[in-house]
>>> print(open('run-v3.csv').read())   # CSV, C-alpha atoms
chain,number,residue,atom,x,y,z
C,8,MET,CA,121.7,150.3,199.5
C,9,HIS,CA,118.8,151.7,197.5
C,10,PHE,CA,119.1,150.6,193.9
C,11,ASP,CA,117.2,153.0,191.6
C,12,THR,CA,117.4,154.3,188.0
C,13,VAL,CA,120.1,156.8,188.9
C,14,THR,CA,122.3,154.2,190.5
C,15,LEU,CA,121.9,152.0,187.4
C,16,MET,CA,122.9,154.9,185.2
C,17,MET,CA,126.1,155.5,187.2
C,18,VAL,CA,126.9,151.7,187.0
C,19,GLY,CA,126.3,151.9,183.3
C,20,SER,CA,128.6,155.0,183.1
C,21,ILE,CA,131.4,153.2,184.9
C,22,THR,CA,131.0,150.0,183.0
C,23,THR,CA,131.0,151.8,179.6
C,24,ALA,CA,134.1,153.8,180.7
C,25,ILE,CA,135.9,150.5,181.4
C,26,SER,CA,134.8,149.2,178.0
C,27,ALA,CA,136.2,152.3,176.4
C,28,VAL,CA,139.6,151.7,178.1
C,29,VAL,CA,139.6,148.1,176.8
C,30,LEU,CA,139.0,149.4,173.3
C,31,LEU,CA,141.8,152.0,173.7
C,32,GLY,CA,144.1,149.2,174.8
C,33,VAL,CA,143.2,147.2,171.7
C,34,TRP,CA,144.2,150.1,169.5
C,35,VAL,CA,147.5,150.5,171.4
C,36,GLN,CA,148.3,146.9,170.7
C,37,MET,CA,147.2,147.0,167.1
C,38,ARG,CA,147.9,150.5,165.8
C,39,ARG,CA,146.9,149.7,162.3
C,40,ALA,CA,143.3,148.9,163.5
C,41,THR,CA,141.6,152.3,163.7
C,42,ALA,CA,138.1,151.0,164.1
C,43,PRO,CA,138.5,150.5,167.9
C,44,LEU,CA,139.4,154.2,168.2
C,45,TRP,CA,135.9,155.1,166.9
C,46,TRP,CA,134.2,152.7,169.3
C,47,PHE,CA,136.4,153.9,172.1
C,48,ALA,CA,135.2,157.5,171.4
C,49,ALA,CA,131.6,156.2,171.2
C,50,ASN,CA,131.8,154.4,174.6
C,51,ALA,CA,133.7,157.2,176.3
C,52,ILE,CA,131.1,159.8,175.2
C,53,TYR,CA,128.3,157.4,176.2
C,54,ALA,CA,129.8,157.1,179.7
C,55,ILE,CA,130.0,160.8,180.1
C,56,SER,CA,126.5,161.4,178.7
C,57,ILE,CA,124.9,158.9,181.1
C,58,ALA,CA,126.7,160.4,184.0
C,59,LEU,CA,125.5,163.9,183.1
C,60,LEU,CA,121.9,162.6,182.7
C,61,ALA,CA,122.1,160.9,186.1
C,62,LEU,CA,123.4,164.0,187.8
C,63,GLY,CA,120.9,166.3,185.9
C,64,LEU,CA,118.0,164.1,186.9
C,65,VAL,CA,119.0,164.1,190.6
C,66,ASP,CA,119.3,167.9,190.7
C,67,GLY,CA,116.6,168.6,188.2
C,68,TYR,CA,119.1,170.7,186.3
C,69,LYS,CA,117.8,170.8,182.7
C,70,PRO,CA,121.0,172.2,181.0
C,71,MET,CA,122.9,169.2,182.3
C,72,ILE,CA,120.2,166.9,181.1
C,73,ALA,CA,120.3,168.6,177.7
C,74,ALA,CA,124.1,168.2,177.5
C,75,GLY,CA,123.9,164.6,178.4
C,76,ALA,CA,121.2,163.9,175.8
C,77,THR,CA,123.1,165.7,173.1
C,78,LEU,CA,126.3,163.8,173.8
C,79,ASN,CA,124.3,160.5,173.9
C,80,ASN,CA,123.0,161.3,170.4
C,81,LEU,CA,126.6,161.4,169.1
C,82,VAL,CA,127.3,157.8,170.1
C,83,PRO,CA,125.4,155.8,167.4
C,84,PRO,CA,126.9,157.8,164.5
C,85,LEU,CA,130.4,157.1,165.9
C,86,ILE,CA,129.6,153.4,166.0
C,87,TRP,CA,128.4,153.5,162.4
C,88,ILE,CA,131.7,155.2,161.3
C,89,GLY,CA,133.6,152.6,163.3
C,90,THR,CA,131.9,149.8,161.3
C,91,ARG,CA,132.7,151.4,158.0
C,92,VAL,CA,136.3,152.0,159.0
C,93,PHE,CA,136.6,148.3,160.0
C,94,ASN,CA,135.3,147.3,156.6
C,95,ARG,CA,137.8,149.7,155.0
C,96,ARG,CA,135.0,151.5,153.4
C,97,PRO,CA,135.5,155.3,152.7
C,98,THR,CA,133.3,157.7,154.7
C,99,SER,CA,132.6,161.1,153.4
C,100,ALA,CA,133.3,163.4,156.3
C,101,PRO,CA,131.1,166.3,155.0
C,102,LEU,CA,128.1,164.0,154.4
C,103,ALA,CA,128.6,162.2,157.7
C,104,ALA,CA,128.8,165.5,159.5
C,105,LEU,CA,125.7,166.8,157.7
C,106,ALA,CA,123.7,163.7,158.6
C,107,ILE,CA,124.7,163.9,162.2
C,108,GLY,CA,124.0,167.6,162.3
C,109,VAL,CA,120.5,167.3,160.9
C,110,TRP,CA,119.7,164.6,163.4
C,111,LEU,CA,121.1,166.5,166.4
C,112,VAL,CA,119.3,169.7,165.3
C,113,GLY,CA,116.0,167.8,164.8
C,114,ALA,CA,116.3,166.2,168.3
C,115,SER,CA,117.3,169.4,170.1
C,116,THR,CA,114.8,171.8,168.4
C,117,VAL,CA,111.7,169.9,169.4
C,118,THR,CA,110.2,171.7,172.3
C,119,ALA,CA,108.4,168.9,174.2
C,120,MET,CA,110.8,166.6,176.1
C,121,SER,CA,108.9,163.5,175.0
C,122,HIS,CA,109.0,164.5,171.4
C,123,SER,CA,112.7,165.3,171.5
C,124,LEU,CA,113.3,161.9,173.1
C,125,LEU,CA,111.2,160.2,170.5
C,126,VAL,CA,113.3,161.7,167.6
C,127,ALA,CA,116.4,160.7,169.4
C,128,PHE,CA,115.3,157.1,169.9
C,129,VAL,CA,114.2,156.8,166.3
C,130,GLY,CA,117.6,158.1,165.2
C,131,VAL,CA,119.4,155.6,167.5
C,132,VAL,CA,117.4,152.7,166.0
C,133,CYS,CA,118.3,153.9,162.5
C,134,TRP,CA,122.0,154.3,163.2
C,135,LEU,CA,122.3,150.9,164.9
C,136,CYS,CA,120.5,149.1,162.0
C,137,VAL,CA,122.7,150.8,159.5
C,138,SER,CA,125.8,149.8,161.5
C,139,ALA,CA,124.7,146.2,161.6
C,140,PHE,CA,124.1,146.4,157.8
C,141,GLU,CA,127.7,147.8,157.3
C,142,LEU,CA,129.1,144.8,159.2
C,143,TRP,CA,127.0,142.4,157.2
C,144,ARG,CA,128.3,143.9,154.0
C,145,GLY,CA,131.8,142.8,154.9
C,146,ARG,CA,130.7,139.2,155.5
C,147,ALA,CA,133.0,137.9,152.8
C,148,GLU,CA,136.0,138.4,155.2
C,149,ARG,CA,136.3,135.4,157.6
C,150,VAL,CA,135.9,137.2,160.9
C,151,PRO,CA,133.6,135.0,163.0
C,152,ALA,CA,133.1,137.6,165.8
C,153,ARG,CA,131.3,139.8,163.2
C,154,TRP,CA,128.1,137.8,163.5
C,155,PRO,CA,127.4,138.1,167.3
C,156,LEU,CA,128.3,141.8,167.1
C,157,ILE,CA,125.6,142.2,164.4
C,158,VAL,CA,123.1,140.4,166.7
C,159,PHE,CA,124.0,142.7,169.6
C,160,LEU,CA,123.6,145.8,167.5
C,161,LEU,CA,120.1,144.6,166.3
C,162,VAL,CA,119.1,143.7,169.9
C,163,HIS,CA,120.3,147.1,171.1
C,164,ALA,CA,118.2,148.7,168.3
C,165,SER,CA,115.2,146.5,169.3
C,166,VAL,CA,115.3,147.7,172.9
C,167,TYR,CA,115.3,151.3,171.8
C,168,MET,CA,112.5,150.4,169.4
C,169,GLY,CA,110.5,149.3,172.4
C,170,GLY,CA,111.1,152.7,173.9
C,171,VAL,CA,109.7,154.3,170.8
C,172,HIS,CA,106.6,152.1,171.0
C,173,ASP,CA,106.0,153.1,174.6
C,174,MET,CA,106.5,156.7,173.8
C,175,LEU,CA,104.0,156.6,171.0
C,176,SER,CA,101.5,154.8,173.2
C,177,GLY,CA,102.0,157.4,176.0
C,178,SER,CA,103.3,155.0,178.6
C,179,PHE,CA,106.9,156.2,178.5
C,180,THR,CA,107.7,159.6,179.9
C,181,LEU,CA,110.9,161.2,181.2
C,182,ASP,CA,109.7,163.6,183.9
C,183,GLY,CA,112.0,163.4,186.8
C,184,ILE,CA,113.6,160.1,187.9
C,185,VAL,CA,112.1,157.3,186.0
C,186,PRO,CA,111.2,154.0,187.9
C,187,LEU,CA,113.7,151.2,187.6
C,188,ASN,CA,111.0,148.8,186.3
C,189,SER,CA,110.2,151.1,183.3
C,190,TRP,CA,111.3,150.7,179.7
C,191,PHE,CA,113.9,153.3,180.3
C,192,GLY,CA,115.4,151.0,183.0
C,193,ALA,CA,115.4,148.2,180.5
C,194,ILE,CA,117.3,150.4,178.1
C,195,LEU,CA,119.9,151.2,180.7
C,196,LEU,CA,120.3,147.6,181.8
C,197,GLU,CA,120.7,146.3,178.3
C,198,GLY,CA,123.0,149.2,177.5
C,199,ILE,CA,125.4,147.9,180.2
C,200,LEU,CA,125.5,144.4,178.6
C,201,TYR,CA,125.8,145.9,175.2
C,202,ALA,CA,128.7,148.1,176.1
C,203,MET,CA,130.7,145.2,177.5
C,204,ALA,CA,129.8,142.7,174.8
C,205,SER,CA,130.4,145.1,171.9
C,206,ALA,CA,133.9,146.1,173.2
C,207,ILE,CA,134.9,142.5,173.6
C,208,LEU,CA,133.6,141.5,170.2
C,209,MET,CA,135.3,144.5,168.5
C,210,ALA,CA,138.5,143.4,170.1
C,211,MET,CA,138.0,139.9,168.9
C,212,MET,CA,137.2,141.1,165.4
C,213,CYS,CA,140.5,143.1,165.2
C,214,LYS,CA,142.4,140.1,166.6
C,215,GLU,CA,140.9,137.7,164.2
C,216,ARG,CA,141.7,140.0,161.3
C,217,GLU,CA,145.3,140.3,162.5
C,218,THR,CA,145.6,136.5,162.7
C,219,GLN,CA,144.2,136.1,159.2
C,220,GLN,CA,146.7,138.6,157.9
C,221,TYR,CA,149.6,136.7,159.5
C,222,MET,CA,148.3,133.5,158.1
C,223,HIS,CA,147.9,135.0,154.7
C,224,ALA,CA,151.5,136.4,154.8
C,225,ALA,CA,152.7,132.9,155.8
C,226,ARG,CA,151.0,131.4,152.7
C,227,SER,CA,151.7,134.2,150.2
C,228,ASP,CA,154.7,135.0,148.1
C,229,PRO,CA,155.9,138.4,149.3
C,230,LEU,CA,156.7,139.7,145.8
C,231,THR,CA,153.7,138.7,143.8
C,232,GLY,CA,151.0,138.1,146.5
C,233,ILE,CA,150.1,134.7,145.1
C,234,ALA,CA,150.5,131.4,146.9
C,235,ASN,CA,154.1,130.6,147.8
C,236,HIS,CA,155.6,127.2,147.3
C,237,GLY,CA,154.3,125.6,150.5
C,238,ALA,CA,150.8,126.9,150.1
C,239,LEU,CA,150.8,126.0,146.4
C,240,LEU,CA,151.7,122.3,147.1
C,241,ALA,CA,149.2,122.1,150.0
C,242,GLY,CA,146.4,123.6,148.0
C,243,ALA,CA,147.2,121.5,144.9
C,244,GLY,CA,147.2,118.4,147.1
C,245,ARG,CA,143.6,119.1,148.3
C,246,ILE,CA,142.4,119.9,144.8
C,247,PHE,CA,144.1,116.8,143.4
C,248,ASP,CA,142.5,114.5,146.1
C,249,ARG,CA,139.1,116.1,145.6
C,250,CYS,CA,139.2,115.6,141.8
C,251,CYS,CA,140.3,112.0,142.2
C,252,LYS,CA,137.5,111.3,144.7
C,253,ASP,CA,134.8,113.0,142.6
C,254,GLY,CA,136.1,111.5,139.3
C,255,LEU,CA,136.8,114.9,137.8
C,256,PRO,CA,139.7,115.8,135.5
C,257,CYS,CA,142.6,117.8,137.1
C,258,THR,CA,145.1,119.6,135.0
C,259,LEU,CA,148.3,121.5,135.8
C,260,ILE,CA,150.2,124.2,133.9
C,261,MET,CA,153.8,124.9,134.6
C,262,PHE,CA,155.0,128.3,133.4
C,263,ASP,CA,158.6,129.5,133.2
C,264,LEU,CA,159.7,133.0,132.0
C,265,ASP,CA,162.1,132.9,129.1
C,266,HIS,CA,165.6,134.4,129.4
C,267,PHE,CA,164.8,135.8,132.8
C,268,LYS,CA,168.4,136.1,133.8
C,269,THR,CA,169.0,138.3,130.7
C,270,VAL,CA,166.2,140.6,131.8
C,271,ASN,CA,167.9,141.1,135.2
C,272,ASP,CA,171.2,141.7,133.6
C,273,ARG,CA,169.9,144.2,131.1
C,274,PHE,CA,167.3,146.1,133.1
C,275,GLY,CA,168.3,145.3,136.7
C,276,HIS,CA,166.7,143.3,139.5
C,277,ARG,CA,164.0,145.8,140.2
C,278,ALA,CA,162.8,145.5,136.6
C,279,GLY,CA,162.9,141.7,137.0
C,280,ASP,CA,160.7,142.0,140.1
C,281,ASP,CA,158.3,144.2,138.1
C,282,ILE,CA,158.1,141.5,135.3
C,283,LEU,CA,157.4,138.8,137.9
C,284,ARG,CA,154.6,140.9,139.4
C,285,ALA,CA,153.2,141.7,136.0
C,286,PHE,CA,153.1,138.0,135.0
C,287,ALA,CA,151.3,137.2,138.2
C,288,ASP,CA,148.7,139.9,137.5
C,289,THR,CA,148.3,138.7,133.9
C,290,VAL,CA,147.6,135.1,135.0
C,291,ARG,CA,145.2,136.1,137.8
C,292,GLY,CA,143.1,138.0,135.3
C,293,LEU,CA,142.6,134.9,133.2
C,294,LEU,CA,141.7,132.3,135.8
C,295,ARG,CA,138.5,131.1,137.3
C,296,PRO,CA,137.8,131.6,141.1
C,297,THR,CA,138.3,127.9,141.7
C,298,ASP,CA,141.7,127.7,140.1
C,299,LEU,CA,144.9,127.7,142.2
C,300,PHE,CA,147.8,129.9,141.2
C,301,GLY,CA,151.2,130.0,142.9
C,302,ARG,CA,154.9,130.6,142.5
C,303,TYR,CA,156.7,127.3,142.3
C,304,GLY,CA,160.1,128.9,142.7
C,305,GLY,CA,162.3,131.6,141.0
C,306,GLU,CA,160.6,132.5,137.7
C,307,GLU,CA,158.5,129.3,137.6
C,308,PHE,CA,154.8,129.5,138.3
C,309,THR,CA,152.1,126.8,138.5
C,310,VAL,CA,148.4,126.8,137.9
C,311,VAL,CA,146.1,123.9,139.0
C,312,LEU,CA,142.8,123.7,137.2
C,313,PRO,CA,140.2,121.4,138.9
C,314,GLY,CA,137.6,120.0,136.6
C,315,ALA,CA,139.3,121.2,133.5
C,316,THR,CA,140.5,118.9,130.6
C,317,ILE,CA,143.9,119.2,129.1
C,318,GLU,CA,142.3,121.0,126.1
C,319,THR,CA,140.8,123.7,128.3
C,320,ALA,CA,144.1,124.1,130.2
C,321,HIS,CA,145.9,124.4,126.8
C,322,VAL,CA,143.6,127.3,125.8
C,323,ILE,CA,144.2,129.1,129.1
C,324,ALA,CA,148.0,128.7,128.8
C,325,GLU,CA,147.9,130.1,125.3
C,326,ARG,CA,145.9,133.1,126.4
C,327,VAL,CA,148.4,133.7,129.2
C,328,ARG,CA,151.4,133.4,126.9
C,329,HIS,CA,149.9,135.7,124.3
C,330,ALA,CA,148.7,138.3,126.8
C,331,PHE,CA,152.1,138.4,128.5
C,332,ALA,CA,154.0,138.7,125.3
C,333,GLU,CA,151.8,141.5,124.1
C,334,ARG,CA,152.1,143.4,127.3
C,335,TYR,CA,155.9,143.5,127.6
C,336,ARG,CA,157.3,144.0,124.1
C,337,PHE,CA,159.1,147.1,125.5
C,338,LEU,CA,160.3,148.3,128.9
C,339,ASP,CA,161.4,151.9,129.4
C,340,GLY,CA,161.4,152.4,125.7
C,341,ARG,CA,163.8,149.6,125.0
C,342,PRO,CA,162.9,146.3,123.4
C,343,LEU,CA,162.2,143.6,125.9
C,344,ASN,CA,160.0,141.0,124.2
C,345,ALA,CA,159.4,139.1,127.4
C,346,THR,CA,157.9,135.7,126.8
C,347,VAL,CA,156.9,132.6,128.7
C,348,SER,CA,157.0,128.9,128.0
C,349,ALA,CA,154.5,126.5,129.4
C,350,GLY,CA,153.8,122.8,129.9
C,351,VAL,CA,150.4,121.3,130.4
C,352,ALA,CA,149.6,117.9,131.9
C,353,GLU,CA,146.4,116.1,133.0
C,354,ALA,CA,146.2,113.6,135.8
C,355,GLY,CA,145.9,110.1,134.7
C,356,ALA,CA,145.1,106.8,136.3
C,357,GLY,CA,147.5,105.8,139.0
C,358,MET,CA,149.3,109.2,138.9
C,359,SER,CA,150.2,111.1,142.1
C,360,LEU,CA,150.4,114.9,142.4
C,361,GLU,CA,154.2,114.6,142.2
C,362,ASP,CA,153.8,112.7,138.9
C,363,LEU,CA,151.5,115.4,137.6
C,364,ILE,CA,154.0,118.2,138.5
C,365,ASP,CA,156.9,116.3,136.9
C,366,THR,CA,155.0,115.6,133.8
C,367,ALA,CA,154.0,119.2,133.3
C,368,ASP,CA,157.6,120.3,134.1
C,369,ARG,CA,159.0,118.0,131.4
C,370,ALA,CA,156.4,119.4,128.9
C,371,MET,CA,157.4,122.9,129.8
C,372,TYR,CA,161.1,122.2,129.3
C,373,ARG,CA,160.3,120.6,126.0
C,374,ALA,CA,158.7,124.0,125.0
C,375,LYS,CA,162.0,125.6,125.9
C,376,THR,CA,164.0,123.2,123.6
C,377,LEU,CA,161.6,123.8,120.8
C,378,GLY,CA,162.2,127.6,120.8
C,379,ARG,CA,160.5,129.0,123.8
C,380,ASN,CA,157.4,131.3,123.9
C,381,ARG,CA,155.1,128.3,123.3
C,382,VAL,CA,152.9,125.8,125.1
C,383,GLU,CA,153.5,122.1,125.0
C,384,LEU,CA,151.2,119.3,126.0
C,385,ALA,CA,152.4,116.5,128.2
C,386,ASP,CA,151.6,113.7,125.7
C,387,ARG,CA,154.1,115.2,123.2
C,388,ALA,CA,156.7,115.4,125.9
C,389,LEU,CA,156.2,111.8,127.0
C,390,ALA,CA,156.4,110.6,123.4
C,391,THR,CA,159.9,111.9,123.2
C,392,ASP,CA,161.2,111.6,126.7
C,393,GLU,CA,159.4,108.5,128.0
C,394,ARG,CA,159.7,110.0,131.6
C,395,GLY,CA,163.3,110.7,131.0
C,396,SER,CA,165.1,113.9,132.0
C,397,VAL,CA,165.3,117.0,129.9
C,398,ALA,CA,168.2,119.4,130.2
C,399,ARG,CA,167.0,122.6,131.9
C,400,ILE,CA,167.2,125.7,129.7
C,401,ALA,CA,166.6,129.3,130.9
>>> encode(input="run-v3.csv", output="structure tokens")
Amino acid sequence: MHFDTVTLMMVGSITTAISAVVLLGVWVQMRRATAPLWWFAANAIYAISIALLALGLVDGYKPMIAAGATLNNLVPPLIWIGTRVFNRRPTSAPLAALAIGVWLVGASTVTAMSHSLLVAFVGVVCWLCVSAFELWRGRAERVPARWPLIVFLLVHASVYMGGVHDMLSGSFTLDGIVPLNSWFGAILLEGILYAMASAILMAMMCKERETQQYMHAARSDPLTGIANHGALLAGAGRIFDRCCKDGLPCTLIMFDLDHFKTVNDRFGHRAGDDILRAFADTVRGLLRPTDLFGRYGGEEFTVVLPGATIETAHVIAERVRHAFAERYRFLDGRPLNATVSAGVAEAGAGMSLEDLIDTADRAMYRAKTLGRNRVELADRALATDERGSVARIA
């Protein structure tokens, strides 16, 4: 069989169509992931455009060639929109339509075929580079497949840039069927590889994100969004071991909302849930990025502060106590006066994480016995209790 440029274009059309079906299947399985739909549209349109170009070149039918070129110019903007959708970044439909329209008009109104192709290729390079940049902007999210996809986008842009160079030098023309060993043939061949790789990588990115979401849900408290009991203890263990290894202080704050059962009885459980969420939001706003915050159980919360002394932890606990009391003096126009009691402990020589938690817990319940809405340090608790038990008070 004679293998020429038209044959390669038809192979590329079929391959890209298969990639589009793969992306559609990814969306069917993960309906919340809408980015594959945009990449499906891009690949489907690219498959149609390449087929039209191939048929137009064989028959020398210029309207079909123009239709294929116009559809091909729609592909890079759809890829760009798909990257923004994946990063959950808003896209202004009017501005996007205006940018695409200006580019299409610029590429279609140039009279000479070579000049029109030059404008189109330059646009493709720009759209692909911007798409790679969009993916790079979302690098904070742990999605490993993002990086090879960025590389493929940049390689794809580089191949089109080679076409731009050849057109500017006069060695690239599109008059009739172009030889297979031309730069246009290289663009077609690389396009096949790109279509397959980008579809697979987009599917991997969506799957990795879904896995991350499942893992986050397994580690998070569903009401407040902070670490649940298991994740809290696991994270606290890692922080505690690291601080012990590096010779750094490690402090722990145990919080307990005062009279929480009374809040539920007076205002209802929905209001109680709102109070728990509000307390979590209050604490989050006062912590460092390196601190660990989680729900120990019920209305008890724990903060682990690596590298912080007990004095620093005491200041943070007081800020939380004051901010929470100020925020919830009233609820629905009725007096609430929600408060929190806290106990602060610092890891000492020979202490385990369990010892640290127990020590902070006893300090917190001493704060309860002394009137609530206060912060107690562990040394005061130990001076009275000597590691004994303290009756639990709501």
>>> closest_residue(input="run-v3.csv", among="C:Ala324, C:Leu30, C:Ala106, C:Val18", to="C:Ser205", atoms="all atoms listed in the file")
C:Leu30
>>> closest_residue(input="run-v3.csv", among="C:Ser348, C:Ser359, C:Thr269, C:Thr319", to="C:Glu383", atoms="only C-alpha atoms")
C:Ser348
>>> residues_around(input="run-v3.csv", residues="C:Met71", least_positions_apart="6", cutoff="10 Å", atoms="all atoms listed in the file", output="list in words")
Ser56, Ala58, Leu59, Leu60, Ala61, Leu62, Gly63, Leu64 and Thr77 of chain C
>>> write_last_selection(input="run-v3.csv", atoms="C-alpha atoms", output="mmCIF file, in the coordinates of the input")
data_model
loop_
_atom_site.group_PDB
_atom_site.id
_atom_site.type_symbol
_atom_site.label_atom_id
_atom_site.label_comp_id
_atom_site.auth_asym_id
_atom_site.auth_seq_id
_atom_site.Cartn_x
_atom_site.Cartn_y
_atom_site.Cartn_z
ATOM 1 C CA SER C 56 126.500 161.400 178.700
ATOM 2 C CA ALA C 58 126.700 160.400 184.000
ATOM 3 C CA LEU C 59 125.500 163.900 183.100
ATOM 4 C CA LEU C 60 121.900 162.600 182.700
ATOM 5 C CA ALA C 61 122.100 160.900 186.100
ATOM 6 C CA LEU C 62 123.400 164.000 187.800
ATOM 7 C CA GLY C 63 120.900 166.300 185.900
ATOM 8 C CA LEU C 64 118.000 164.100 186.900
ATOM 9 C CA THR C 77 123.100 165.700 173.100
#
>>> closest_residue(input="run-v3.csv", among="C:Gly314, C:Glu148, C:Cys250, C:Met16", to="C:Glu217", atoms="only C-alpha atoms")
C:Glu148
>>> closest_residue(input="run-v3.csv", among="C:Thr231, C:Pro101, C:Gln36, C:Gly198", to="C:Ser165", atoms="all atoms listed in the file")
C:Gly198
>>> atom_distance(input="run-v3.csv", atom1="atom CA of C:Arg277", atom2="atom CA of C:Asp298")
28.7 Å
>>> residues_near_point(input="run-v3.csv", point="(161.5, 137.9, 127.8)", cutoff="7 Å", atoms="only C-alpha atoms", output="PDB file with C-alpha atoms, in the coordinates of the input")
ATOM      1  CA  LEU C 264     159.700 133.000 132.000  1.00  0.00           C
ATOM      2  CA  ASP C 265     162.100 132.900 129.100  1.00  0.00           C
ATOM      3  CA  HIS C 266     165.600 134.400 129.400  1.00  0.00           C
ATOM      4  CA  PHE C 267     164.800 135.800 132.800  1.00  0.00           C
ATOM      5  CA  VAL C 270     166.200 140.600 131.800  1.00  0.00           C
ATOM      6  CA  LEU C 343     162.200 143.600 125.900  1.00  0.00           C
ATOM      7  CA  ASN C 344     160.000 141.000 124.200  1.00  0.00           C
ATOM      8  CA  ALA C 345     159.400 139.100 127.400  1.00  0.00           C
ATOM      9  CA  THR C 346     157.900 135.700 126.800  1.00  0.00           C
TER      10      THR C 346
END
>>> atom_distance(input="run-v3.csv", atom1="atom CA of C:Ala287", atom2="atom CA of C:His321")
18.0 Å
>>> closest_residue(input="run-v3.csv", among="C:Gly301, C:Pro151, C:Pro97, C:Pro229", to="C:Ala243", atoms="all atoms listed in the file")
C:Gly301
>>> atom_distance(input="run-v3.csv", atom1="atom CA of C:Asp362", atom2="atom CA of C:Ile282")
29.3 Å
>>> closest_residue(input="run-v3.csv", among="C:Ala385, C:Ala193, C:Ala330, C:Ala210", to="C:Met37", atoms="only C-alpha atoms")
C:Ala210
>>> residues_around(input="run-v3.csv", residues="stretch 88-94 of chain C", least_positions_apart="3", cutoff="6 Å", atoms="all atoms listed in the file", output="PyMOL selection string")
chain C and resi 42+45+85+145
>>> write_last_selection(input="run-v3.csv", atoms="C-alpha atoms", output="PDB file, in the coordinates of the input")
ATOM      1  CA  ALA C  42     138.100 151.000 164.100  1.00  0.00           C
ATOM      2  CA  TRP C  45     135.900 155.100 166.900  1.00  0.00           C
ATOM      3  CA  LEU C  85     130.400 157.100 165.900  1.00  0.00           C
ATOM      4  CA  GLY C 145     131.800 142.800 154.900  1.00  0.00           C
TER       5      GLY C 145
END
>>> residues_around(input="run-v3.csv", residues="C:Ala367", least_positions_apart="5", cutoff="9 Å", atoms="all atoms listed in the file", output="ChimeraX atom specification")
/C:259-261,349-353,362,372,383-385,388
>>> build_atoms(input="run-v3.csv", residues="stretch 61-76 of chain C", atoms="N, CA and C atoms", output="PDB file, in the coordinates of the input")
ATOM      1  N   ALA C  61     122.358 161.367 184.700  1.00  0.00           N
ATOM      2  CA  ALA C  61     122.100 160.900 186.100  1.00  0.00           C
ATOM      3  C   ALA C  61     122.142 162.116 187.034  1.00  0.00           C
ATOM      4  N   LEU C  62     123.216 162.896 186.925  1.00  0.00           N
ATOM      5  CA  LEU C  62     123.400 164.000 187.800  1.00  0.00           C
ATOM      6  C   LEU C  62     122.284 165.094 187.560  1.00  0.00           C
ATOM      7  N   GLY C  63     121.953 165.281 186.274  1.00  0.00           N
ATOM      8  CA  GLY C  63     120.900 166.300 185.900  1.00  0.00           C
ATOM      9  C   GLY C  63     119.556 165.846 186.465  1.00  0.00           C
ATOM     10  N   LEU C  64     119.249 164.543 186.425  1.00  0.00           N
ATOM     11  CA  LEU C  64     118.000 164.100 186.900  1.00  0.00           C
ATOM     12  C   LEU C  64     117.876 164.200 188.442  1.00  0.00           C
ATOM     13  N   VAL C  65     118.989 163.972 189.122  1.00  0.00           N
ATOM     14  CA  VAL C  65     119.000 164.100 190.600  1.00  0.00           C
ATOM     15  C   VAL C  65     118.746 165.528 191.009  1.00  0.00           C
ATOM     16  N   ASP C  66     119.445 166.460 190.343  1.00  0.00           N
ATOM     17  CA  ASP C  66     119.300 167.900 190.700  1.00  0.00           C
ATOM     18  C   ASP C  66     118.208 168.608 190.005  1.00  0.00           C
ATOM     19  N   GLY C  67     117.625 167.968 188.991  1.00  0.00           N
ATOM     20  CA  GLY C  67     116.600 168.600 188.200  1.00  0.00           C
ATOM     21  C   GLY C  67     117.164 169.775 187.363  1.00  0.00           C
ATOM     22  N   TYR C  68     118.458 169.646 187.004  1.00  0.00           N
ATOM     23  CA  TYR C  68     119.100 170.700 186.300  1.00  0.00           C
ATOM     24  C   TYR C  68     119.035 170.438 184.774  1.00  0.00           C
ATOM     25  N   LYS C  69     118.138 171.134 184.113  1.00  0.00           N
ATOM     26  CA  LYS C  69     117.800 170.800 182.700  1.00  0.00           C
ATOM     27  C   LYS C  69     119.001 171.043 181.752  1.00  0.00           C
ATOM     28  N   PRO C  70     119.850 172.084 181.915  1.00  0.00           N
ATOM     29  CA  PRO C  70     121.000 172.200 181.000  1.00  0.00           C
ATOM     30  C   PRO C  70     121.913 170.994 181.029  1.00  0.00           C
ATOM     31  N   MET C  71     122.096 170.392 182.218  1.00  0.00           N
ATOM     32  CA  MET C  71     122.900 169.200 182.300  1.00  0.00           C
ATOM     33  C   MET C  71     122.248 168.016 181.623  1.00  0.00           C
ATOM     34  N   ILE C  72     120.928 167.942 181.779  1.00  0.00           N
ATOM     35  CA  ILE C  72     120.200 166.900 181.100  1.00  0.00           C
ATOM     36  C   ILE C  72     120.295 167.044 179.580  1.00  0.00           C
ATOM     37  N   ALA C  73     120.176 168.299 179.110  1.00  0.00           N
ATOM     38  CA  ALA C  73     120.300 168.600 177.700  1.00  0.00           C
ATOM     39  C   ALA C  73     121.660 168.234 177.147  1.00  0.00           C
ATOM     40  N   ALA C  74     122.707 168.559 177.929  1.00  0.00           N
ATOM     41  CA  ALA C  74     124.100 168.200 177.500  1.00  0.00           C
ATOM     42  C   ALA C  74     124.279 166.741 177.425  1.00  0.00           C
ATOM     43  N   GLY C  75     123.768 166.014 178.427  1.00  0.00           N
ATOM     44  CA  GLY C  75     123.900 164.600 178.400  1.00  0.00           C
ATOM     45  C   GLY C  75     123.151 163.942 177.233  1.00  0.00           C
ATOM     46  N   ALA C  76     121.952 164.451 176.939  1.00  0.00           N
ATOM     47  CA  ALA C  76     121.200 163.900 175.800  1.00  0.00           C
ATOM     48  C   ALA C  76     121.866 164.184 174.489  1.00  0.00           C
TER      49      ALA C  76
END
